[in-house]
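K.L.:
Just one file: run03.cif, with mmCIF, C-alpha atoms and all ligand atoms.
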data_input
#
loop_
_atom_site.group_PDB
_atom_site.id
_atom_site.type_symbol
_atom_site.label_atom_id
_atom_site.label_comp_id
_atom_site.auth_asym_id
_atom_site.auth_seq_id
_atom_site.Cartn_x
_atom_site.Cartn_y
_atom_site.Cartn_z
ATOM 1 C CA MET A 276 0.000 0.000 0.000
ATOM 2 C CA SER A 277 1.481 3.414 -0.916
ATOM 3 C CA LYS A 278 2.109 5.885 1.891
ATOM 4 C CA ASN A 279 0.316 9.228 1.982
ATOM 5 C CA ILE A 280 1.201 12.416 3.849
ATOM 6 C CA ILE A 281 -0.630 15.743 4.225
ATOM 7 C CA ILE A 282 1.692 18.701 4.797
ATOM 8 C CA THR A 283 0.135 22.025 5.744
ATOM 9 C CA GLY A 284 1.968 25.222 4.830
ATOM 10 C CA ALA A 285 4.037 23.655 2.049
ATOM 11 C CA SER A 286 4.276 26.779 -0.105
ATOM 12 C CA SER A 287 7.603 27.717 1.535
ATOM 13 C CA GLY A 288 10.123 26.942 4.265
ATOM 14 C CA ILE A 289 9.910 23.829 6.428
ATOM 15 C CA GLY A 290 6.726 22.560 4.761
ATOM 16 C CA LYS A 291 8.190 22.826 1.279
ATOM 17 C CA ALA A 292 11.444 21.097 2.297
ATOM 18 C CA SER A 293 9.405 18.360 3.994
ATOM 19 C CA ALA A 294 7.280 17.821 0.874
ATOM 20 C CA ILE A 295 10.435 17.298 -1.186
ATOM 21 C CA LYS A 296 11.957 14.976 1.430
ATOM 22 C CA PHE A 297 8.873 12.783 1.806
ATOM 23 C CA ALA A 298 8.305 12.664 -1.968
ATOM 24 C CA SER A 299 11.941 11.589 -2.412
ATOM 25 C CA MET A 300 11.251 8.738 0.033
ATOM 26 C CA GLY A 301 8.260 7.523 -1.999
ATOM 27 C CA TYR A 302 5.336 9.140 -0.171
ATOM 28 C CA ASN A 303 2.410 10.605 -2.070
ATOM 29 C CA VAL A 304 2.141 14.169 -0.810
ATOM 30 C CA ALA A 305 -0.825 16.508 -0.345
ATOM 31 C CA ILE A 306 0.492 20.050 -0.056
ATOM 32 C CA THR A 307 -1.562 22.926 1.344
ATOM 33 C CA GLY A 308 -1.295 26.696 1.617
ATOM 34 C CA ARG A 309 -2.818 29.946 0.412
ATOM 35 C CA ARG A 310 -0.272 30.777 -2.302
ATOM 36 C CA LYS A 311 -1.519 28.801 -5.294
ATOM 37 C CA GLU A 312 1.415 29.647 -7.562
ATOM 38 C CA ASN A 313 3.999 28.452 -5.040
ATOM 39 C CA LEU A 314 2.115 25.196 -4.558
ATOM 40 C CA GLU A 315 1.785 24.640 -8.302
ATOM 41 C CA GLU A 316 5.473 25.281 -8.841
ATOM 42 C CA LEU A 317 6.369 22.828 -6.056
ATOM 43 C CA SER A 318 3.922 20.262 -7.374
ATOM 44 C CA GLU A 319 5.451 20.467 -10.861
ATOM 45 C CA TYR A 320 8.967 20.098 -9.439
ATOM 46 C CA ILE A 321 8.026 17.064 -7.347
ATOM 47 C CA GLU A 322 6.126 15.405 -10.182
ATOM 48 C CA ASN A 323 9.117 15.797 -12.493
ATOM 49 C CA GLU A 324 11.627 14.523 -9.936
ATOM 50 C CA PHE A 325 9.830 11.674 -8.205
ATOM 51 C CA GLU A 326 7.402 8.933 -9.217
ATOM 52 C CA ILE A 327 4.700 9.745 -6.713
ATOM 53 C CA GLU A 328 1.307 11.475 -6.669
ATOM 54 C CA VAL A 329 0.971 15.133 -5.605
ATOM 55 C CA LYS A 330 -2.296 16.769 -4.576
ATOM 56 C CA THR A 331 -2.403 20.541 -4.326
ATOM 57 C CA LEU A 332 -4.949 21.913 -1.851
ATOM 58 C CA ASN A 333 -5.184 25.664 -1.974
ATOM 59 C CA PHE A 334 -7.038 27.014 1.074
ATOM 60 C CA ASP A 335 -6.760 29.199 4.150
ATOM 61 C CA ILE A 336 -6.462 26.971 7.213
ATOM 62 C CA ARG A 337 -8.148 29.658 9.348
ATOM 63 C CA SER A 338 -11.448 28.653 7.765
ATOM 64 C CA ASN A 339 -12.924 25.462 9.196
ATOM 65 C CA LYS A 340 -15.281 25.254 6.225
ATOM 66 C CA GLU A 341 -12.529 25.532 3.593
ATOM 67 C CA THR A 342 -10.441 23.027 5.529
ATOM 68 C CA GLU A 343 -13.326 20.549 5.711
ATOM 69 C CA ILE A 344 -14.170 20.866 2.006
ATOM 70 C CA ASN A 345 -10.575 20.412 0.849
ATOM 71 C CA ILE A 346 -9.627 17.618 3.220
ATOM 72 C CA SER A 347 -12.904 15.701 2.715
ATOM 73 C CA SER A 348 -12.345 15.653 -1.022
ATOM 74 C CA LEU A 349 -8.806 14.356 -0.465
ATOM 75 C CA LEU A 350 -10.056 11.680 1.923
ATOM 76 C CA ASN A 351 -12.502 10.509 -0.758
ATOM 77 C CA GLU A 352 -9.568 9.945 -3.104
ATOM 78 C CA TRP A 353 -6.911 8.607 -0.760
ATOM 79 C CA GLN A 354 -7.751 5.384 1.052
ATOM 80 C CA ASN A 355 -5.328 5.932 3.892
ATOM 81 C CA ILE A 356 -3.522 8.840 5.542
ATOM 82 C CA ASP A 357 -0.266 7.736 7.134
ATOM 83 C CA LEU A 358 1.000 11.082 8.310
ATOM 84 C CA LEU A 359 -0.282 14.606 8.970
ATOM 85 C CA LEU A 360 2.419 17.250 9.324
ATOM 86 C CA ASN A 361 0.813 20.259 11.014
ATOM 87 C CA ASN A 362 3.282 22.885 9.889
ATOM 88 C CA ALA A 363 1.277 25.926 8.672
ATOM 89 C CA GLY A 364 1.891 28.801 11.031
ATOM 90 C CA LEU A 365 3.369 32.207 11.501
ATOM 91 C CA ALA A 366 4.482 34.965 13.797
ATOM 92 C CA ALA A 367 2.835 38.291 12.898
ATOM 93 C CA GLY A 368 4.475 41.414 14.256
ATOM 94 C CA PHE A 369 7.254 41.903 16.805
ATOM 95 C CA ASP A 370 6.115 44.647 19.152
ATOM 96 C CA GLU A 371 5.875 45.155 22.873
ATOM 97 C CA PHE A 372 2.641 43.763 24.230
ATOM 98 C CA PRO A 373 0.540 46.935 24.572
ATOM 99 C CA LYS A 374 1.673 48.233 21.181
ATOM 100 C CA SER A 375 0.994 45.027 19.306
ATOM 101 C CA ASP A 376 -1.863 44.750 16.856
ATOM 102 C CA VAL A 377 -5.017 42.816 17.731
ATOM 103 C CA ASN A 378 -5.300 41.688 14.101
ATOM 104 C CA ASP A 379 -1.852 40.102 14.418
ATOM 105 C CA TRP A 380 -2.931 38.262 17.576
ATOM 106 C CA GLU A 381 -5.997 36.948 15.792
ATOM 107 C CA GLN A 382 -4.013 35.816 12.769
ATOM 108 C CA MET A 383 -1.566 33.857 14.947
ATOM 109 C CA ILE A 384 -4.239 32.300 17.141
ATOM 110 C CA ASP A 385 -6.485 31.477 14.185
ATOM 111 C CA THR A 386 -3.671 29.877 12.176
ATOM 112 C CA ASN A 387 -1.341 28.308 14.741
ATOM 113 C CA ILE A 388 -4.003 26.993 17.106
ATOM 114 C CA LYS A 389 -7.436 26.917 15.473
ATOM 115 C CA GLY A 390 -6.185 25.934 12.001
ATOM 116 C CA LEU A 391 -4.161 23.097 13.496
ATOM 117 C CA LEU A 392 -7.258 21.943 15.380
ATOM 118 C CA TYR A 393 -9.589 22.075 12.356
ATOM 119 C CA ILE A 394 -7.425 19.860 10.164
ATOM 120 C CA SER A 395 -6.418 17.555 13.016
ATOM 121 C CA LYS A 396 -10.052 16.829 13.854
ATOM 122 C CA ILE A 397 -10.987 15.693 10.371
ATOM 123 C CA VAL A 398 -7.736 13.779 9.741
ATOM 124 C CA SER A 399 -7.713 12.096 13.141
ATOM 125 C CA GLU A 400 -11.312 10.905 12.581
ATOM 126 C CA LYS A 401 -10.014 9.219 9.430
ATOM 127 C CA MET A 402 -7.009 7.798 11.308
ATOM 128 C CA VAL A 403 -9.289 6.433 14.028
ATOM 129 C CA SER A 404 -11.380 4.663 11.385
ATOM 130 C CA GLN A 405 -8.288 3.136 9.752
ATOM 131 C CA ASN A 406 -6.773 2.379 13.207
ATOM 132 C CA PHE A 407 -3.323 3.786 12.463
ATOM 133 C CA GLY A 408 -1.576 7.064 11.708
ATOM 134 C CA HIS A 409 0.943 9.601 12.895
ATOM 135 C CA ILE A 410 0.458 13.313 13.514
ATOM 136 C CA ILE A 411 3.522 15.535 13.836
ATOM 137 C CA ASN A 412 2.934 19.071 15.071
ATOM 138 C CA VAL A 413 5.466 21.790 14.336
ATOM 139 C CA GLY A 414 5.792 23.587 17.657
ATOM 140 C CA SER A 415 8.779 25.769 18.488
ATOM 141 C CA ILE A 416 11.403 26.561 21.080
ATOM 142 C CA ALA A 417 8.917 29.418 21.639
ATOM 143 C CA GLY A 418 6.611 26.793 23.135
ATOM 144 C CA TYR A 419 9.192 26.254 25.896
ATOM 145 C CA ASN A 420 10.594 29.765 26.565
ATOM 146 C CA VAL A 421 8.800 33.098 26.312
ATOM 147 C CA TYR A 422 10.918 36.025 25.156
ATOM 148 C CA PRO A 423 10.308 39.805 25.010
ATOM 149 C CA LYS A 424 7.860 40.788 22.239
ATOM 150 C CA GLY A 425 7.051 37.091 21.771
ATOM 151 C CA HIS A 426 3.851 37.088 23.929
ATOM 152 C CA VAL A 427 1.078 35.872 21.592
ATOM 153 C CA TYR A 428 3.313 33.880 19.230
ATOM 154 C CA CYS A 429 4.855 32.084 22.228
ATOM 155 C CA ALA A 430 1.390 31.519 23.701
ATOM 156 C CA SER A 431 0.278 29.944 20.434
ATOM 157 C CA LYS A 432 3.252 27.569 20.490
ATOM 158 C CA TYR A 433 2.679 26.741 24.186
ATOM 159 C CA ALA A 434 -0.821 25.825 23.027
ATOM 160 C CA VAL A 435 0.592 23.577 20.295
ATOM 161 C CA ARG A 436 2.636 21.853 22.994
ATOM 162 C CA ALA A 437 -0.459 21.306 25.169
ATOM 163 C CA LEU A 438 -2.487 20.101 22.200
ATOM 164 C CA THR A 439 0.249 17.655 21.208
ATOM 165 C CA GLU A 440 0.057 16.127 24.682
ATOM 166 C CA GLY A 441 -3.736 16.125 24.720
ATOM 167 C CA MET A 442 -4.024 14.579 21.271
ATOM 168 C CA ARG A 443 -1.394 11.972 22.179
ATOM 169 C CA GLU A 444 -3.386 10.941 25.259
ATOM 170 C CA ASP A 445 -6.697 10.643 23.429
ATOM 171 C CA LEU A 446 -5.437 9.011 20.228
ATOM 172 C CA ILE A 447 -3.095 6.453 21.788
ATOM 173 C CA GLN A 448 -5.948 3.922 22.149
ATOM 174 C CA HIS A 449 -6.535 4.159 18.390
ATOM 175 C CA ASN A 450 -2.976 3.169 17.474
ATOM 176 C CA ILE A 451 -2.120 6.751 16.464
ATOM 177 C CA LYS A 452 1.196 8.389 17.345
ATOM 178 C CA VAL A 453 1.328 12.120 18.075
ATOM 179 C CA SER A 454 4.681 13.922 18.156
ATOM 180 C CA SER A 455 6.074 17.417 18.020
ATOM 181 C CA ILE A 456 9.164 18.948 16.509
ATOM 182 C CA ASN A 457 10.304 22.154 18.147
ATOM 183 C CA PRO A 458 12.811 24.150 16.130
ATOM 184 C CA GLY A 459 14.879 27.142 17.107
ATOM 185 C CA MET A 460 15.936 29.601 14.408
ATOM 186 C CA VAL A 461 15.347 28.323 10.878
ATOM 187 C CA GLU A 462 16.009 30.633 7.934
ATOM 188 C CA THR A 463 12.747 30.586 5.966
ATOM 189 C CA GLU A 464 10.188 33.286 5.182
ATOM 190 C CA PHE A 465 9.294 33.254 8.908
ATOM 191 C CA SER A 466 11.152 36.459 9.861
ATOM 192 C CA LEU A 467 10.122 38.247 6.673
ATOM 193 C CA VAL A 468 6.482 37.535 7.554
ATOM 194 C CA ARG A 469 6.935 38.438 11.222
ATOM 195 C CA LEU A 470 8.682 41.714 10.340
ATOM 196 C CA LYS A 471 6.060 42.644 7.751
ATOM 197 C CA GLY A 472 8.205 42.226 4.652
ATOM 198 C CA SER A 473 11.333 44.114 5.760
ATOM 199 C CA GLU A 474 14.150 42.129 4.132
ATOM 200 C CA SER A 475 16.920 43.954 5.995
ATOM 201 C CA ALA A 476 15.291 43.397 9.404
ATOM 202 C CA ALA A 477 14.668 39.741 8.540
ATOM 203 C CA LYS A 478 18.302 39.228 7.505
ATOM 204 C CA ASN A 479 19.433 40.852 10.742
ATOM 205 C CA VAL A 480 17.726 38.116 12.783
ATOM 206 C CA TYR A 481 20.349 35.633 11.556
ATOM 207 C CA GLN A 482 23.327 38.030 11.684
ATOM 208 C CA GLY A 483 26.519 36.458 13.054
ATOM 209 C CA LEU A 484 25.254 32.900 13.383
ATOM 210 C CA GLU A 485 24.404 29.962 11.184
ATOM 211 C CA PRO A 486 20.681 29.244 11.490
ATOM 212 C CA LEU A 487 19.056 25.919 10.687
ATOM 213 C CA LYS A 488 18.010 25.308 7.106
ATOM 214 C CA PRO A 489 14.487 24.067 6.393
ATOM 215 C CA GLU A 490 16.089 20.882 5.033
ATOM 216 C CA ASP A 491 17.659 20.192 8.465
ATOM 217 C CA VAL A 492 14.207 20.212 10.005
ATOM 218 C CA ALA A 493 12.685 18.155 7.173
ATOM 219 C CA GLU A 494 15.370 15.456 7.628
ATOM 220 C CA THR A 495 14.554 15.258 11.330
ATOM 221 C CA ILE A 496 10.821 15.073 10.693
ATOM 222 C CA TYR A 497 11.426 12.214 8.261
ATOM 223 C CA PHE A 498 13.611 10.488 10.876
ATOM 224 C CA MET A 499 10.802 10.846 13.439
ATOM 225 C CA SER A 500 8.323 9.353 10.980
ATOM 226 C CA SER A 501 10.496 6.388 10.059
ATOM 227 C CA GLN A 502 11.056 4.866 13.487
ATOM 228 C CA PRO A 503 9.850 1.336 14.246
ATOM 229 C CA ASP A 504 6.113 1.225 14.921
ATOM 230 C CA HIS A 505 6.538 0.874 18.707
ATOM 231 C CA VAL A 506 8.807 3.954 18.972
ATOM 232 C CA ASN A 507 7.510 7.518 19.286
ATOM 233 C CA LEU A 508 10.074 10.336 19.214
ATOM 234 C CA ALA A 509 7.509 12.280 21.143
ATOM 235 C CA ASP A 510 8.933 15.816 21.405
ATOM 236 C CA VAL A 511 12.082 16.695 19.518
ATOM 237 C CA THR A 512 13.873 20.027 19.948
ATOM 238 C CA ILE A 513 16.219 21.065 17.152
ATOM 239 C CA LEU A 514 18.432 24.146 17.501
ATOM 240 C CA PRO A 515 21.248 25.723 15.554
ATOM 241 C CA LYS A 516 24.588 25.069 17.285
ATOM 242 C CA ALA A 517 24.793 28.782 18.126
ATOM 243 C CA GLN A 518 21.438 28.872 19.945
ATOM 244 C CA ALA A 519 21.107 27.684 23.551
ATOM 245 C CA ASN A 520 17.401 28.464 23.976
ATOM 246 C CA ALA A 521 14.947 31.139 22.887
ATOM 247 C CA HIS A 522 16.764 33.696 25.077
ATOM 248 C CA TYR A 523 20.403 33.150 24.223
ATOM 249 C CA THR A 524 22.223 32.951 20.921
ATOM 250 C CA TYR A 525 25.985 33.278 20.511
ATOM 251 C CA ARG A 526 26.828 35.633 17.638
ATOM 252 C CA LYS A 527 30.265 36.263 16.141
HETATM 253 P P1 LIG B 1 7.347 30.135 6.249
HETATM 254 O O1 LIG B 1 6.785 31.491 6.380
HETATM 255 O O2 LIG B 1 8.416 29.912 5.225
HETATM 256 O O3 LIG B 1 6.178 29.073 5.994
HETATM 257 C C1 LIG B 1 4.936 29.165 6.645
HETATM 258 C C2 LIG B 1 3.927 28.309 5.902
HETATM 259 O O4 LIG B 1 2.668 28.390 6.601
HETATM 260 C C3 LIG B 1 3.689 28.805 4.482
HETATM 261 O O5 LIG B 1 3.636 27.713 3.605
HETATM 262 C C4 LIG B 1 2.335 29.494 4.568
HETATM 263 O O6 LIG B 1 1.635 29.359 3.344
HETATM 264 C C5 LIG B 1 1.638 28.668 5.656
HETATM 265 N N1 LIG B 1 0.532 29.433 6.230
HETATM 266 C C6 LIG B 1 0.595 30.543 6.987
HETATM 267 N N2 LIG B 1 -0.643 31.009 7.239
HETATM 268 C C7 LIG B 1 -1.504 30.147 6.619
HETATM 269 C C8 LIG B 1 -2.920 30.094 6.494
HETATM 270 N N3 LIG B 1 -3.712 31.016 7.074
HETATM 271 N N4 LIG B 1 -3.462 29.095 5.789
HETATM 272 C C9 LIG B 1 -2.687 28.165 5.200
HETATM 273 N N5 LIG B 1 -1.345 28.149 5.289
HETATM 274 C C10 LIG B 1 -0.765 29.140 5.979
HETATM 275 O O7 LIG B 1 7.882 29.756 7.697
HETATM 276 P P2 LIG B 1 8.446 28.392 8.338
HETATM 277 O O8 LIG B 1 8.647 27.351 7.319
HETATM 278 O O9 LIG B 1 9.576 28.771 9.181
HETATM 279 O O10 LIG B 1 7.235 28.024 9.297
HETATM 280 C C11 LIG B 1 6.639 26.756 9.373
HETATM 281 C C12 LIG B 1 6.283 26.443 10.805
HETATM 282 O O11 LIG B 1 7.481 26.369 11.573
HETATM 283 C C13 LIG B 1 5.407 27.487 11.506
HETATM 284 O O12 LIG B 1 4.438 26.820 12.272
HETATM 285 C C14 LIG B 1 6.387 28.221 12.414
HETATM 286 O O13 LIG B 1 5.755 28.774 13.541
HETATM 287 C C15 LIG B 1 7.312 27.084 12.780
HETATM 288 N N6 LIG B 1 8.617 27.459 13.282
HETATM 289 C C16 LIG B 1 9.479 28.217 12.530
HETATM 290 C C17 LIG B 1 10.726 28.548 13.021
HETATM 291 C C18 LIG B 1 11.668 29.425 12.275
HETATM 292 O O14 LIG B 1 12.616 29.959 12.891
HETATM 293 N N7 LIG B 1 11.522 29.592 10.963
HETATM 294 C C19 LIG B 1 11.166 28.045 14.319
HETATM 295 C C20 LIG B 1 10.193 27.261 15.024
HETATM 296 C C21 LIG B 1 8.978 26.968 14.503
HETATM 297 P P3 LIG B 1 0.819 30.531 2.601
HETATM 298 O O15 LIG B 1 1.453 31.828 2.975
HETATM 299 O O16 LIG B 1 0.952 30.167 1.163
HETATM 300 O O17 LIG B 1 -0.566 30.364 3.099
HETATM 301 C C1 LIG B 2 10.356 30.494 15.847
HETATM 302 C C2 LIG B 2 11.593 30.460 16.662
HETATM 303 O O1 LIG B 2 12.950 31.590 18.463
HETATM 304 O O2 LIG B 2 11.861 33.009 16.815
HETATM 305 O O3 LIG B 2 9.339 29.721 16.394
HETATM 306 O O4 LIG B 2 10.572 31.934 18.493
HETATM 307 S S1 LIG B 2 11.732 31.814 17.635
#
For the structure just supplied, provide its representation as structure tokens.
Ligand code: NDP
Ligand code: 8X3
P.N.:
Amino acid sequence: MSKNIIITGASSGIGKASAIKFASMGYNVAITGRRKENLEELSEYIENEFEIEVKTLNFDIRSNKETEINISSLLNEWQNIDLLLNNAGLAAGFDEFPKSDVNDWEQMIDTNIKGLLYISKIVSEKMVSQNFGHIINVGSIAGYNVYPKGHVYCASKYAVRALTEGMREDLIQHNIKVSSINPGMVETEFSLVRLKGSESAAKNVYQGLEPLKPEDVAETIYFMSSQPDHVNLADVTILPKAQANAHYTYRK
């Protein structure tokens, strides 16, 4: 039976690198995100490189309705879902708490927490019915340490950590593994999005140190997914060598 993975937020960064990694290992991949062109470009690349099936699902994960419509249609076509990689997420804004924008809070909460919940509900129902599956949530070092100006983003990743534990407890009886990967600094579009498109400010975040590459994280996610059935790498933290935690990085 061929293996199938759904990867949310595959139009860039960690999700995109993961789609390429899993496709290279023979998985059929369903890639999601709002940017249709990016998804189509990735889909074309994967289809040319690897002999697997790609499904492109273009929707905003903040909408439960859009998520249900897109994932239901996929579930009608794919008999089994082996893996759900809950990766779509963002930090919006980097301001002191009282100055930060309520719209930014809502975007982070709606994407990082509610979006993750919407898709997990529908996919885990499917996994319960098939009596197997693996869900990997992309948390963050920000789900372990709160840092200045991090408030709502950190809260959203603390929530991902709690949800990982809660989902693990409730799905264990259905033969479903739930894990999290918690990266430190990874150079993707993350900082560009957080800093509202300022390329110089985004570059500055990684000044004087070597951040992780999205491929480093994708390799680790694949490693987590390819353990023997009885092994769950439950919560994996991955940091650049120059980062000790969310508070301290050593810069040259
Ligand atoms: P990117 O900005 O490169 O990728 C984010 C992905 O999330 C994009 O594909 C984006 O797609 C998708 N996304 C965002 N909002 C939505 C939405 N409303 N609906 C659907 N998809 C959405 O950043 P990363 O690859 O770094 O981020 C991936 C995950 O990793 C996030 O959860 C982030 O919090 C986490 N993380 C990142 C770290 C880092 O330092 N980079 C460290 C720790 C965790 P589109 O815009 O097309 O919708
Ligand atoms: C992203 C990593 O350290 O900027 O989740 O919070 S950090």
K.L.:
What do you get, as a ChimeraX atom specification, if you spell out every residue that the PyMOL selection byres (((chain A and resi 310) around 12) and not hetatm) selects here?
P.N.:
/A:283-287,306-309,311-317,331-336
K.L.:
Hey, which of A:Ser293, A:Ser375, A:Ser415, A:Ser347 ends up closest to ligand LIG 2 (chain B)? Count all atoms listed in the file.
P.N.:
A:Ser415
K.L.:
Identify which of the residues A:Glu444, A:Asp504, A:Glu474, A:Glu464 lies closest to ligand LIG 2 (chain B), counting all atoms listed in the file when measuring atom-to-atom distances.
P.N.:
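That would be A:Glu464, the residue with the smallest distance to ligand LIG 2 (chain B).
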K.L.:
Please give me, as a list in words, the residues lying within 6 Å of ligand LIG 2 (chain B) when counting all atoms listed in the file.
P.N.:
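Listing the residues within 6 Å of ligand LIG 2 (chain B) gives Ser415, Ile416, Ala417, Gly459, Met460 and Ala521 of chain A.
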K.L.:
Residue by residue, what does the PyMOL selection byres (((chain A and resi 492) around 9) and not hetatm) grab here? Present the result as a PDB file with C-alpha atoms, keeping the file's coordinate frame.
P.N.:
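Final output, saved to result-v4.pdb:
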ATOM      1  CA  ILE A 289       9.910  23.829   6.428  1.00  0.00           C
ATOM      2  CA  ALA A 292      11.444  21.097   2.297  1.00  0.00           C
ATOM      3  CA  SER A 293       9.405  18.360   3.994  1.00  0.00           C
ATOM      4  CA  ILE A 456       9.164  18.948  16.509  1.00  0.00           C
ATOM      5  CA  PRO A 458      12.811  24.150  16.130  1.00  0.00           C
ATOM      6  CA  VAL A 461      15.347  28.323  10.878  1.00  0.00           C
ATOM      7  CA  LEU A 487      19.056  25.919  10.687  1.00  0.00           C
ATOM      8  CA  LYS A 488      18.010  25.308   7.106  1.00  0.00           C
ATOM      9  CA  PRO A 489      14.487  24.067   6.393  1.00  0.00           C
ATOM     10  CA  GLU A 490      16.089  20.882   5.033  1.00  0.00           C
ATOM     11  CA  ASP A 491      17.659  20.192   8.465  1.00  0.00           C
ATOM     12  CA  ALA A 493      12.685  18.155   7.173  1.00  0.00           C
ATOM     13  CA  GLU A 494      15.370  15.456   7.628  1.00  0.00           C
ATOM     14  CA  THR A 495      14.554  15.258  11.330  1.00  0.00           C
ATOM     15  CA  ILE A 496      10.821  15.073  10.693  1.00  0.00           C
ATOM     16  CA  TYR A 497      11.426  12.214   8.261  1.00  0.00           C
ATOM     17  CA  ILE A 513      16.219  21.065  17.152  1.00  0.00           C
TER      18      ILE A 513
END
K.L.:
Of the candidates A:Lys330, A:His426, A:Lys291, A:Lys432, which shows the shortest atom-to-atom distance to A:Phe369, using only C-alpha atoms?
P.N.:
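For A:Phe369, the nearest of the candidates is A:His426.
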K.L.:
Here is a test: counting only C-alpha atoms and all ligand atoms, which residue of A:Glu462, A:Glu485, A:Asp379, A:Glu400 is nearest to ligand LIG 1 (chain B)?
P.N.:
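Distance minimum relative to ligand LIG 1 (chain B) lands on A:Glu462.
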K.L.:
May I have the centre and edge lengths, in Å to one decimal, of an axis-aligned box around the listed atoms of ligand LIG 1 (chain B) with 4 Å added to every side, as lines of an AutoDock Vina configuration file?
P.N.:
center_x = 4.5
center_y = 29.1
center_z = 8.1
size_x = 24.3
size_y = 13.5
size_z = 21.9
K.L.:
One decimal, in Å: what's the spacing between atom CA of A:Met383 and atom N6 of ligand LIG 1 (chain B)?
P.N.:
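Between these atoms lies a distance of 12.1 Å.
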K.L.:
Using Å and a single decimal, report how far atom CA of A:Gly368 sits from atom CA of A:Lys471.
P.N.:
6.8 Å
K.L.:
Would you work out the distance separating atom CA of A:Lys374 from atom CA of A:Ser338, expressed in Å to one decimal?
P.N.:
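Straight-line distance from atom CA of A:Lys374 to atom CA of A:Ser338 works out to 27.1 Å.
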K.L.:
Taking into account all atoms listed in the file, which residue in the set A:Thr386, A:Asn279, A:Ser404, A:Ser395 is nearest to ligand LIG 1 (chain B)?
P.N.:
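For ligand LIG 1 (chain B), the nearest of the given residues is A:Thr386.
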K.L.:
Kindly indicate which residue among A:Ala363, A:Val398, A:Val427, A:Leu350 lies nearest to ligand LIG 1 (chain B), using all atoms listed in the file for the distances.
P.N.:
A:Ala363
K.L.:
Starting from the PyMOL selection byres (((chain A and resi 403) around 12) and not hetatm), expand the selection into actual residues of this file and give them as a compact mmCIF listing (two decimals) with C-alpha atoms, in the frame of the given file.
P.N.:
# COMPACT_ATOMS: atom_id res chain seq x y z
CA ASN A 355 -5.33 5.93 3.89
CA ILE A 356 -3.52 8.84 5.54
CA ASP A 357 -0.27 7.74 7.13
CA SER A 395 -6.42 17.56 13.02
CA LYS A 396 -10.05 16.83 13.85
CA ILE A 397 -10.99 15.69 10.37
CA VAL A 398 -7.74 13.78 9.74
CA SER A 399 -7.71 12.10 13.14
CA GLU A 400 -11.31 10.90 12.58
CA LYS A 401 -10.01 9.22 9.43
CA MET A 402 -7.01 7.80 11.31
CA SER A 404 -11.38 4.66 11.38
CA GLN A 405 -8.29 3.14 9.75
CA ASN A 406 -6.77 2.38 13.21
CA PHE A 407 -3.32 3.79 12.46
CA GLY A 408 -1.58 7.06 11.71
CA HIS A 409 0.94 9.60 12.90
CA ILE A 410 0.46 13.31 13.51
CA ASP A 445 -6.70 10.64 23.43
CA LEU A 446 -5.44 9.01 20.23
CA ILE A 447 -3.10 6.45 21.79
CA GLN A 448 -5.95 3.92 22.15
CA HIS A 449 -6.54 4.16 18.39
CA ASN A 450 -2.98 3.17 17.47
CA ILE A 451 -2.12 6.75 16.46
CA LYS A 452 1.20 8.39 17.34
K.L.:
Name the residues within 8 Å of (2.1, 33.3, 11.9), counting only C-alpha atoms in the file's coordinates, and put them as number ranges by chain.
P.N.:
A: 364-367, 382-383, 386-387, 428, 465, 468-469
K.L.:
If we count all atoms listed in the file and set the cut-off at 10 Å, which residues sit around A:Glu328, ignoring sequence neighbours fewer than 6 positions away in its own chain? Please answer as a ChimeraX atom specification.
P.N.:
/A:277,279,298,301-305,318,321-322
K.L.:
Give me the residues near A:Ala477 as a PyMOL selection string, where near means some atom within 6 Å (using all atoms listed in the file) and where sequence neighbours in that chain fewer than 3 positions away do not count.
P.N.:
chain A and resi 466-467+474+480
K.L.:
Counting only C-alpha atoms, what is within 9 Å of A:Ala430, bar same-chain residues fewer than 4 positions away, as a ChimeraX atom specification?
P.N.:
/A:384,417-418,421,425-426,434-435
